[in-house]
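Peer 1: The structure follows.
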Amino acid sequence: MVWSRGRSERFGDSRDDPATSTRRQLLGRSVVAGAALAGGGIVLGPRARWAGAAPSRAQDVKIFNFALLLEYLQAAFYGEAVRQGALRGEPREFAEVVASHERAHVTYLRKALGGRARARPAFSFGDATRSERRFLETAVLLENLGVAAYNGQAANLTTKALAAAAAIVSVEGRHAAWVSDLAGKEPAPRAADPGASAADVVRSIRRTGFVGVS
Amino acid sequence: MSNVVREDVTLEQTWGELAQTLEAVDIDGALQETAAGAVRATRAGLFRRAFATLAGVAGLATLAEDAAAARGQTKNDIAILRFDLVLEYLQAGLYTEAERLGELTPKTLGWARVVGAHERAHVQAIKNLLGRDTVPSPTFNYGKVTSDEKAFIKTAVGFEDLTAALLKWQAPRLDSRSIVAAVVTLHSVETRHAAWIRHIVGLRPAARAFDQPASQQRMAELIAATHFISSRPRVTGRRRPKYTG
Amino acid sequence: MSRRAVAAALTIGLALVIAAAAIRVARDDRAADVGSSGRSLAAAARALPRPEGPAFVVGKPARLRADETRARSAPVVRPAVAKAAPARSAAAVAPLPVETPEGTSNIVLVLGERTRSGTQWVRVRLPVLPNGRTAWVPRAALGGYRFVHTRLLVDRERLRATLFYDGRPIFHAPVGVGRPEWPTPSGRFYIRDKLAGFGDPFYGPVAFGTSARSAVLTDWPAGGFVGIHGTNEPQLIPGQVSHGCIRLRNADILRLGRLMPVGTPLVIR
């Protein structure tokens, strides 16, 4: 299994031990809220600090299944775009290369999840795959969504799962910059990519109308 | 018209070209110590930690002074953050100087402008988080890299790829989950930087389905090989002036 | 069995297999769907924890100001010979040692770069006579660049020093300059170093070395460099009072010391 727990005591206990997390949260709350500094970082005050949930293998399964949902979506989208044949030149090359990456992500996550892998939902992409402009816009959206989703859950993963997720989100970030450049948008619009909650990710997916039998 | 994918230059090749020697560079011990994960335990540091434990147990709400202890950062995390800070100083300085000299081609200059602003913001964020545990910036000598297009591209591609790889190596090694949450927000931006500069010069922005991590040791070797870190010039003195008066 | 019957049986059999597969796929999809895709997605989201709050949030990236003053200087790290043109074969203009007479790093103001046959050359302002001389050195002879936002203007007529930051004045002070027989030279120079704690009240608490040199006191020890420093005779300021140096009252030189980094360009008019 991808998240075998052969880790050193150091990151095993300090991160997963609830007592430690609690103490850290307590200490965190006593930090005087940092003022915003010009052009730079804001150390978060207690109000803004959500606590996620302590990592566990069971939680990894849920998070990876959620990631799998996104990877299914992306793989299907790119596969469909390639099949539609509306793309030329570099956008087509992008679709082909990225389709293979997303398929590899799907394969990896399904293997890691084994019997617990969710099944592939039905997707319908309408005209999102039928013109270059719509394709690029949609790809930008999906890649940015993937980055936000992984970044949102990274700290809730166990160590090994985090390493695996990092290897994947790294490529999603590259995809995002690449296709943004193709679409004439800023490849790196922000100095940092904030994580999104699963609820926000789902909201974005629903808005696309891609998931489910239409 | 496809202008992408001349050759798939791997991470190994780009940083391998740059890393010619394995000499270790000691910049007041900061790089070496952070690579080894050790933090000099000062008396003040010990006091802060003791105070923090007491405060935590007593549930005290205010820790007016000791932000570091209140942050509950472990030595391990401080070492990792310090390493990242030095790297961000280096990159911020490199791109800022390139922008100021203004001698790169327009697209590359545009990249340096945007990415330099990001790295400067990263410096601020990490410095603020470290607070009193911060380290000052080394003195950098970028030589001709900031004005020679070819040298700049090679260096930028190498550093952005390796920085992304480094953050992947560090993230699972951090003790604090909130620092993990913060570091991953930087990591994905570094991968965007990497893909973007590759796209500008016609390299494949995303060569593989999975990106590999690279250790602090690897990054320290790359930094040493660039010889960017130089000694601070002595511009002040105490000798009696001999000016004309 | 007749061939037609076999074919029919096979066709029906195949159809049944396909139908069975379709039913299984449909069931799988529904298992993921639980009635409607919306409910399934919502369920997926509910199963996940909230994101962990990050230890920092990176602020808005700040671009460099367009009106930034960007003077750059660099220390000489290898003894070099400054040349009249960016070529080894060009005439030598002056040696550039690594240290100043005060024992500080020898800084040069950098005015531009040029690459010739793969070697990068840098045009620098020299601390030599005649004042205002520039020449070329290989980039490799210099250390890292330091950028400053400041510029110091000394007006010999108005007897006034003004420090600018990104073009905006941030400091004024009256000055003493050279007597008519020992004039403070005019031209473009830069601040070379800063001395303090030397314990000589004649120069006050802080003394800056500049790249400017007296054109008349050419035999002055250590080259006759013009300094900007404090004084033990504040009542003489403003005035034409010195051997060429620019004198400020001690409170003013202390203020200037907090505002003006070494490497700042200096204009004396």
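Ordering of the structure tokens sets the chain letters (A, B, ...); residue numbers start at 1 within each chain; ligands are numbered from 1 in the order shown.
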Give me, as JSON, numbers by chain, the contact residues of chain B against chain C at a cut-off of 6 Å, counting only C-alpha atoms.
Peer 2: {"B": [117, 118, 121, 125, 140, 141, 178, 179, 181, 182, 233, 234, 235, 236, 237, 238, 239, 240, 243, 244, 245]}
Peer 1: Measure the distance from atom CA of A:Thr107 to atom CA of A:Trp178 in Å and round it to one decimal.
Peer 2: 23.0 Å
Peer 1: Report as a list in words all protein, DNA and RNA residues lying within 8 Å of B:Ile126, evaluated on only C-alpha atoms, omitting residues in the same chain fewer than 3 positions from it.
Peer 2: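 What passes the distance filter is Gly41 of chain A; Leu81, Asp84, Leu85, His122, Val123, Leu129 and Leu130 of chain B; Phe56 of chain C.
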Peer 1: Between atom CA of B:Thr134 and atom CA of A:Gly152, what is the spacing in Å?
Peer 2: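 Answer for the atom CA of A:Gly152 to atom CA of B:Thr134 separation: 26.8 Å.
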Peer 1: Just list the residues in stretch 43-224 of chain C DSSP gives strand (DSSP E) on the backbone, as a compact mmCIF listing (two decimals) with C-alpha atoms, in the first residue's frame.
Peer 2:
# COMPACT_ATOMS: atom_id res chain seq x y z
CA PHE C 56 1.05 31.86 6.38
CA VAL C 57 -0.84 33.46 3.54
CA VAL C 58 1.39 35.07 0.96
CA ALA C 71 22.18 52.84 -9.14
CA ARG C 72 24.39 49.80 -8.78
CA SER C 73 27.84 49.29 -7.40
CA ALA C 74 30.10 46.30 -6.92
CA PRO C 75 33.24 45.53 -4.95
CA ALA C 80 42.23 44.35 -12.05
CA VAL C 81 43.33 46.94 -14.54
CA ALA C 82 40.59 49.20 -15.82
CA LYS C 83 40.78 49.65 -19.58
CA ALA C 92 45.20 50.67 -19.36
CA VAL C 93 43.54 53.51 -17.50
CA ALA C 94 44.12 52.68 -13.84
CA PRO C 95 44.77 49.76 -11.53
CA LEU C 96 41.85 48.69 -9.39
CA ILE C 107 33.67 49.71 -4.51
CA VAL C 108 33.06 50.94 -8.04
CA LEU C 109 29.90 52.44 -9.43
CA VAL C 110 28.63 50.38 -12.36
CA LEU C 111 27.31 52.24 -15.39
CA GLY C 112 26.71 49.52 -17.93
CA GLU C 113 27.58 46.08 -19.25
CA ARG C 114 28.72 44.84 -22.59
CA THR C 115 29.67 41.40 -23.82
CA ARG C 116 32.59 41.11 -26.25
CA THR C 119 33.48 37.98 -21.99
CA GLN C 120 31.27 40.35 -20.11
CA TRP C 121 32.78 43.78 -19.47
CA VAL C 122 31.44 46.41 -17.14
CA ARG C 123 31.79 50.20 -17.43
CA VAL C 124 32.65 51.69 -14.08
CA ARG C 125 33.17 55.06 -12.54
CA THR C 134 35.10 55.91 -16.46
CA ALA C 135 36.68 52.76 -17.82
CA TRP C 136 36.02 49.07 -18.39
CA VAL C 137 36.78 46.02 -16.27
CA PRO C 138 35.87 42.36 -16.76
CA ARG C 146 24.24 46.23 -4.80
CA PHE C 147 21.37 48.47 -5.84
CA VAL C 148 20.52 51.66 -4.00
CA THR C 150 19.43 57.02 -3.12
CA ARG C 151 21.32 59.87 -4.74
CA LEU C 152 23.20 62.67 -3.00
CA LEU C 153 23.40 66.15 -4.46
CA VAL C 154 25.86 68.68 -3.06
CA ASP C 155 25.42 72.24 -4.25
CA ARG C 160 23.53 72.52 0.72
CA ALA C 161 23.39 68.73 0.56
CA THR C 162 20.20 66.93 -0.48
CA LEU C 163 19.61 63.20 -0.36
CA PHE C 164 16.99 61.76 -2.75
CA TYR C 165 15.26 58.39 -2.50
CA ARG C 168 12.17 62.30 -3.76
CA PRO C 169 14.18 64.48 -1.37
CA ILE C 170 14.38 62.94 2.09
CA PHE C 171 17.23 64.90 3.68
CA HIS C 172 18.64 68.43 3.57
CA ALA C 173 21.55 69.91 5.41
CA PRO C 174 23.86 72.92 5.16
CA GLY C 176 30.93 73.44 4.36
CA VAL C 177 32.92 73.01 1.14
CA GLY C 178 36.48 73.66 -0.03
CA GLY C 187 31.12 66.24 -11.22
CA ARG C 188 29.66 62.76 -10.81
CA PHE C 189 31.01 60.54 -8.09
CA TYR C 190 29.83 57.99 -5.57
CA ILE C 191 30.08 57.12 -1.90
CA ARG C 192 32.88 54.59 -1.44
CA ASP C 193 32.86 53.68 2.20
CA LYS C 194 31.85 54.75 5.68
CA LEU C 195 34.04 55.14 8.72
CA ALA C 196 32.92 55.48 12.31
CA VAL C 206 30.96 59.57 10.87
CA ALA C 207 32.99 60.04 7.70
CA PHE C 208 32.08 58.90 4.19
CA GLY C 209 34.74 58.35 1.58
CA THR C 210 33.87 59.41 -1.93
CA SER C 211 35.44 58.68 -5.29
CA ALA C 212 36.14 62.39 -5.75
CA ARG C 213 39.70 63.59 -5.43
Peer 1: Show me, as a VMD selection string, the residues that have an atom within 12 Å of B:Leu109 when counting only C-alpha atoms, minus same-chain residues fewer than 3 positions from it.
Peer 2: chain B and resid 94 to 106 112 to 116 146 to 149 152 to 153 156 197 200
Peer 1: Using the chain letters and numbers from this document, which residues of stretch 12-207 of chain A does DSSP assign to alpha helix (DSSP H), as a VMD selection string?
Peer 2: chain A and resid 12 to 16 18 to 29 57 to 84 89 to 113 132 to 153 159 to 182 198 to 207
Peer 1: Figure out the distance between atom CA of A:Asn144 and atom CA of A:Pro189, please, to one decimal in Å.
Peer 2: 10.7 Å
Peer 1: Would you pick out the contacts of C:Asp67 at 10 Å or less, using only C-alpha atoms, so that residues sharing its chain but fewer than 5 positions from it are not included, and give the list as an MDAnalysis selection string?
Peer 2: chainID C and resid 149 166:167
Peer 1: Of the candidates B:Ala151, B:Leu90, B:Leu174, B:Ala165, which shows the shortest atom-to-atom distance to B:Asn76, using only C-alpha atoms?
Peer 2: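 When distances to B:Asn76 are compared using only C-alpha atoms, the smallest one comes from B:Leu174.
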Peer 1: Taking only C-alpha atoms into account, which of A:Arg83, A:Lys185, A:Arg207, A:Arg110 comes nearest chain B?
Peer 2: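 Among the listed residues, A:Lys185 lies closest to chain B.
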Peer 1: With only C-alpha atoms as the counted atoms, please give the residues lying no more than 8 Å from A:Phe125, apart from itself and same-chain residues fewer than 3 positions off, as a PyMOL selection string.
Peer 2: chain A and resi 77+128-129+209-210
Peer 1: What lies within 10 Å of A:Ile205 using only C-alpha atoms, ignoring chain neighbours under 4 positions off, as a ChimeraX atom specification?
Peer 2: /A:70,73,141-142,145,199-201,209-211 /C:38,41
